[in-house]
Amino acid sequence: MKPARKSKTIFSIGGGKGGVGKSIFSVALGAVLADEGRKVALVDLDLGTANLHTYLGITRKTPAIADFILRKVDSLEDILLETSRKNLMVISGAGFAPGMANPAHWMKLKIMRHIKSLPADFIVIDLGAGVHFNTLDFFGVSDTGIIMTAPEPGAVMNAYGFVKGALFRRLRSVFGKHPLIGPVIDSGAKNTGEEEKFTLEWLAGQVREKAPDMLPLIEEMGREFRPALIINRVPEGQKHLLVKNFISLCVKKLGVHIEHMGNLPDVPVITHCLLNIPGFLYSRHGRPYLDAVRMIAGRLAAPAAAAAKTDFTDEEVEEIIRFMDGLDSSVFSGTNRDTWRLRMYFKPSEVVDFLMKRGVTHEAFHRR
Ligand SMILES: Nc1ncnc2c1ncn2[C@@H]1O[C@H](COP(=O)(O)OP(=O)(O)OP(=O)(O)O)[C@@H](O)[C@H]1O
Ligand SMILES: [Mg+2]
């Protein structure tokens with residue numbers, strides 16, 4: 001099996017607080033990218049309280065992700081629905097029964113794998129509110145994680161909690177099983193309040209002492225973990241001190257650099273258009289919101305295009321495949337730096353899936 005080449009870009013939209021405008025923005029971002037002639041798949045992973053389908057005006061009963069989880073369909077591609085906009089497709093999250101909103105870990109990996117192989121140039125994942133592990137893991141699977149918040153203290157604090165949760169989850173998913181670094185990350189995660197000392201720099205210091213050969217990987221991950229920030233419902237002309245504070249808090253307390261991609265205007269009339277967001281966007285009333293989304297989409301797509309250029313070459317892919325072929329079941333318990341590097345570049349779900357397909361059944365896979 002060849003690991004999939006990165007020929008598409010995955011965005012995920014999260015942010016901790018409910019009702020800050022994640023789903024409307026997901027639809028708008030998808031519509032704007034689709035307008036440019038790119039194939040876009042929206043994926044509703046707000047399992048339990050999904051509403052992308054309603055925002056897209058889909059009121060009839062359609063196949064949805066619940067059918068995939070219940071194995072009524074084999075592939076997520078089978079339930080990709082057309083929408084009223086050309087090039088814009090959606091996977092509906094409707095129809096969840098209580099208890100299904102929390103899929104088992106292996107199912108989560110399967111969902112992630114299927115999302116990555118959807119036939120689209122851009123995939124936009126709409127996440128639910130909160131900092132549940134599932135939400136953070138789905139956030140971590142994307143190429144660009146987008147944090148959405150409103151310019152108000154509660155929402156901004158939730159956004160900070162979300163960034164922190166996503167960082168720890170990402171660090172754990174790669175290095176959690178490392179015998180020396182795993183315990184350091186866990187001890188950092190337990191720190192709360194004033195004496196909070198966990199930053200990426202602090203972690204790098206610990207790694208320098210305990211496992212110096214791993215330091216470049218930790219530094220690389222620090223550079224890569226750069227969530228994008230979008231502020232919704234910004235009153236015209238408002239100077240958002242809160243946003244500046246949020247960005248510096250993330251640097252100071254976590255060592256994480258956030259990229260502010262732009263603001264969306266407050267357009268109260270949106271409330272009357274919730275059954276047809278694309279219709280709203282392309283109406284006279286939707287113009288200010290649409291213009292802002294177009295600007296943000298341009299900024300979001302630019303680093304993605306640049307990253308695609310420096311993607312693995314065919315020779316590198318062949319080399320990695322040869323390396324992966326040579327791995328045995330002790331893969332996650334050793335301290336070989338290359339192994340951990342592999343975990344970083346090929347997200348853990350891909351590595352685990354690859355190894356399991358080859359009959360490796362290391363217990364570490366099941367404990368994560
Ligand atoms: N730019 C905006 N201007 C005015 N109202 C807005 C704007 N964006 C969102 N809203 C309002 O906020 C409500 C919630 O929006 P949306 O469903 O996109 O939020 P959400 O973050 O996805 O919520 P949840 O966390 O529940 O999934 C909408 O019903 C709409 O009334
Ligand atoms: Mg939503």
# chains A, B, ... in the order shown; residues from 1 in each chain; ligands from 1
$ residues_near_ligand --ligand "ligand 2" --cutoff "9 Å" --atoms "only C-alpha atoms and all ligand atoms" --output "PDB file with C-alpha atoms, in the first residue's frame"
ATOM      1  CA  GLY A  14     -13.337  24.442  15.946  1.00  0.00           C
ATOM      2  CA  GLY A  18     -20.961  26.947  21.022  1.00  0.00           C
ATOM      3  CA  GLY A  19     -22.834  29.272  18.692  1.00  0.00           C
ATOM      4  CA  VAL A  20     -19.861  31.391  17.601  1.00  0.00           C
ATOM      5  CA  GLY A  21     -20.575  30.847  13.895  1.00  0.00           C
ATOM      6  CA  LYS A  22     -18.459  27.789  12.985  1.00  0.00           C
ATOM      7  CA  SER A  23     -21.060  26.030  10.868  1.00  0.00           C
ATOM      8  CA  ILE A  24     -22.167  29.081   8.892  1.00  0.00           C
ATOM      9  CA  SER A  26     -17.840  26.276   7.137  1.00  0.00           C
ATOM     10  CA  ASP A  44     -20.289  17.606   9.446  1.00  0.00           C
ATOM     11  CA  ASP A  46     -20.644  17.907  15.005  1.00  0.00           C
ATOM     12  CA  THR A  49     -26.057  18.258  16.970  1.00  0.00           C
ATOM     13  CA  ALA A  50     -25.261  18.432  13.282  1.00  0.00           C
ATOM     14  CA  ASN A  51     -26.795  21.209  11.217  1.00  0.00           C
ATOM     15  CA  LEU A  52     -24.735  21.747   8.057  1.00  0.00           C
ATOM     16  CA  ASP A 126     -17.204  21.463  10.828  1.00  0.00           C
ATOM     17  CA  LEU A 127     -16.630  20.519  14.462  1.00  0.00           C
ATOM     18  CA  GLY A 128     -18.928  20.752  17.433  1.00  0.00           C
ATOM     19  CA  ALA A 129     -18.447  22.992  20.447  1.00  0.00           C
TER      20      ALA A 129
END
$ select_by_dssp --residues "stretch 128-328 of chain A" --states "strand (DSSP E or B)" --output "JSON list (two decimals) with N, CA and C atoms, in the first residue's frame"
[["chain", "number", "residue", "atom", "x", "y", "z"],
["A", 144, "THR", "N", -4.89, 22.58, 8.17],
["A", 144, "THR", "CA", -5.01, 23.86, 8.87],
["A", 144, "THR", "C", -6.20, 23.79, 9.83],
["A", 145, "GLY", "N", -5.91, 23.94, 11.10],
["A", 145, "GLY", "CA", -6.98, 24.00, 12.09],
["A", 145, "GLY", "C", -7.37, 25.47, 12.28],
["A", 146, "ILE", "N", -8.66, 25.74, 12.17],
["A", 146, "ILE", "CA", -9.14, 27.12, 12.28],
["A", 146, "ILE", "C", -9.91, 27.27, 13.59],
["A", 147, "ILE", "N", -9.48, 28.25, 14.39],
["A", 147, "ILE", "CA", -10.17, 28.53, 15.64],
["A", 147, "ILE", "C", -11.11, 29.70, 15.38],
["A", 148, "MET", "N", -12.36, 29.50, 15.75],
["A", 148, "MET", "CA", -13.33, 30.57, 15.53],
["A", 148, "MET", "C", -13.79, 31.08, 16.89],
["A", 149, "THR", "N", -13.86, 32.37, 17.04],
["A", 149, "THR", "CA", -14.37, 32.92, 18.30],
["A", 149, "THR", "C", -15.12, 34.22, 18.04],
["A", 228, "ALA", "N", -5.03, 28.73, 12.81],
["A", 228, "ALA", "CA", -5.48, 30.01, 12.25],
["A", 228, "ALA", "C", -6.63, 30.52, 13.11],
["A", 229, "LEU", "N", -6.76, 31.83, 13.18],
["A", 229, "LEU", "CA", -7.81, 32.42, 14.03],
["A", 229, "LEU", "C", -8.73, 33.30, 13.19],
["A", 230, "ILE", "N", -10.03, 33.14, 13.41],
["A", 230, "ILE", "CA", -11.00, 34.02, 12.76],
["A", 230, "ILE", "C", -11.96, 34.54, 13.82],
["A", 231, "ILE", "N", -12.18, 35.84, 13.81],
["A", 231, "ILE", "CA", -13.09, 36.44, 14.79],
["A", 231, "ILE", "C", -14.40, 36.74, 14.07],
["A", 232, "ASN", "N", -15.48, 36.26, 14.63],
["A", 232, "ASN", "CA", -16.79, 36.46, 14.01],
["A", 232, "ASN", "C", -17.57, 37.56, 14.74],
["A", 233, "ARG", "N", -18.42, 38.21, 14.03],
["A", 233, "ARG", "CA", -19.34, 39.22, 14.56],
["A", 233, "ARG", "C", -18.59, 40.41, 15.15],
["A", 234, "VAL", "N", -17.61, 40.86, 14.41],
["A", 234, "VAL", "CA", -16.82, 42.00, 14.90],
["A", 234, "VAL", "C", -17.55, 43.29, 14.55],
["A", 259, "GLU", "N", -2.14, 32.40, 13.91],
["A", 259, "GLU", "CA", -2.19, 33.32, 12.78],
["A", 259, "GLU", "C", -3.59, 33.88, 12.60],
["A", 260, "HIS", "N", -3.73, 35.17, 12.84],
["A", 260, "HIS", "CA", -5.04, 35.80, 12.71],
["A", 260, "HIS", "C", -5.35, 36.00, 11.23],
["A", 261, "MET", "N", -6.34, 35.27, 10.73],
["A", 261, "MET", "CA", -6.62, 35.28, 9.28],
["A", 261, "MET", "C", -7.63, 36.33, 8.88],
["A", 262, "GLY", "N", -8.35, 36.88, 9.86],
["A", 262, "GLY", "CA", -9.30, 37.93, 9.50],
["A", 262, "GLY", "C", -10.55, 37.88, 10.36],
["A", 263, "ASN", "N", -11.43, 38.84, 10.08],
["A", 263, "ASN", "CA", -12.66, 38.99, 10.86],
["A", 263, "ASN", "C", -13.87, 38.85, 9.94],
["A", 264, "LEU", "N", -14.99, 38.46, 10.56],
["A", 264, "LEU", "CA", -16.26, 38.42, 9.82],
["A", 264, "LEU", "C", -17.19, 39.45, 10.44],
["A", 265, "PRO", "N", -17.97, 40.14, 9.61],
["A", 265, "PRO", "CA", -18.84, 41.18, 10.17],
["A", 265, "PRO", "C", -20.07, 40.59, 10.85]]
$ closest_residue --among "A:Glu220, A:Asp67, A:Glu236, A:Glu82" --to "ligand 1" --atoms "only C-alpha atoms and all ligand atoms"
A:Glu236
$ closest_residue --among "A:Ala302, A:Met221, A:Cys273, A:Val267" --to "ligand 1" --atoms "only C-alpha atoms and all ligand atoms"
A:Val267
$ residues_around --residues "A:Asn134" --least-positions-apart "6" --cutoff "12 Å" --atoms "only C-alpha atoms" --output "ChimeraX atom specification"
/A:14,45-47,101-109,111-112,127-128,140-141,165-166,169-170
$ atom_distance --atom1 "atom CA of A:Asn87" --atom2 "atom CA of A:Ala31"
8.4 Å
$ closest_residue --among "A:Val73, A:Val243, A:Val269, A:Ile79" --to "ligand 1" --atoms "only C-alpha atoms and all ligand atoms"
A:Val269
$ atom_distance --atom1 "atom CA of A:Ser248" --atom2 "atom 17 (O, counted along the ligand's line) of ligand 1"
27.8 Å
$ atom_distance --atom1 "atom CA of A:Gly161" --atom2 "atom 26 (O, counted along the ligand's line) of ligand 1"
17.1 Å
$ closest_residue --among "A:Pro268, A:Gly93, A:Pro151, A:Gly130" --to "ligand 1" --atoms "only C-alpha atoms and all ligand atoms"
A:Pro268
$ residues_around --residues "A:Ser84" --least-positions-apart "6" --cutoff "12 Å" --atoms "only C-alpha atoms" --output "list in words"
Val27, Ala31, Ala34, His53, Tyr55, Leu56, Gly57, Ile58, Val90, Asn276, Ile277, Pro278 and Gly279 of chain A
$ write_last_selection --atoms "N, CA and C atoms" --output "short mmCIF file (atom, residue, chain, number, x, y, z; two decimals), in the first residue's frame"
data_model
loop_
_atom_site.label_atom_id
_atom_site.label_comp_id
_atom_site.auth_asym_id
_atom_site.auth_seq_id
_atom_site.Cartn_x
_atom_site.Cartn_y
_atom_site.Cartn_z
N VAL A 27 -19.84 26.50 5.79
CA VAL A 27 -20.60 26.50 4.53
C VAL A 27 -20.06 27.60 3.61
N ALA A 31 -18.37 27.24 -0.01
CA ALA A 31 -19.01 27.84 -1.18
C ALA A 31 -18.01 28.71 -1.96
N ALA A 34 -15.53 26.51 -3.74
CA ALA A 34 -16.22 25.82 -4.85
C ALA A 34 -16.44 26.77 -6.02
N HIS A 53 -26.42 20.32 7.04
CA HIS A 53 -27.41 20.00 6.00
C HIS A 53 -28.56 21.01 6.00
N TYR A 55 -28.39 24.18 7.01
CA TYR A 55 -27.86 25.45 6.47
C TYR A 55 -27.75 25.40 4.94
N LEU A 56 -27.64 24.17 4.41
CA LEU A 56 -27.54 24.02 2.96
C LEU A 56 -28.91 23.78 2.32
N GLY A 57 -29.96 23.85 3.13
CA GLY A 57 -31.32 23.69 2.61
C GLY A 57 -31.70 22.25 2.32
N ILE A 58 -30.97 21.30 2.90
CA ILE A 58 -31.32 19.88 2.67
C ILE A 58 -32.26 19.45 3.78
N VAL A 90 -21.53 17.65 0.41
CA VAL A 90 -21.56 17.59 1.87
C VAL A 90 -21.76 16.16 2.36
N ASN A 276 -30.97 28.45 4.21
CA ASN A 276 -30.33 28.56 2.90
C ASN A 276 -29.16 29.55 2.98
N ILE A 277 -28.09 29.11 3.60
CA ILE A 277 -26.93 30.01 3.76
C ILE A 277 -26.32 30.38 2.40
N PRO A 278 -26.17 29.42 1.46
CA PRO A 278 -25.64 29.86 0.15
C PRO A 278 -26.51 30.95 -0.47
N GLY A 279 -27.84 30.82 -0.36
CA GLY A 279 -28.75 31.84 -0.90
C GLY A 279 -28.47 33.19 -0.25
#
$ select_by_dssp --residues "stretch 89-302 of chain A" --states "alpha helix (DSSP H)" --output "ChimeraX atom specification"
/A:105-116,133-140,153-175,181-190,200-210,215-224,241-249,277-281,287-302
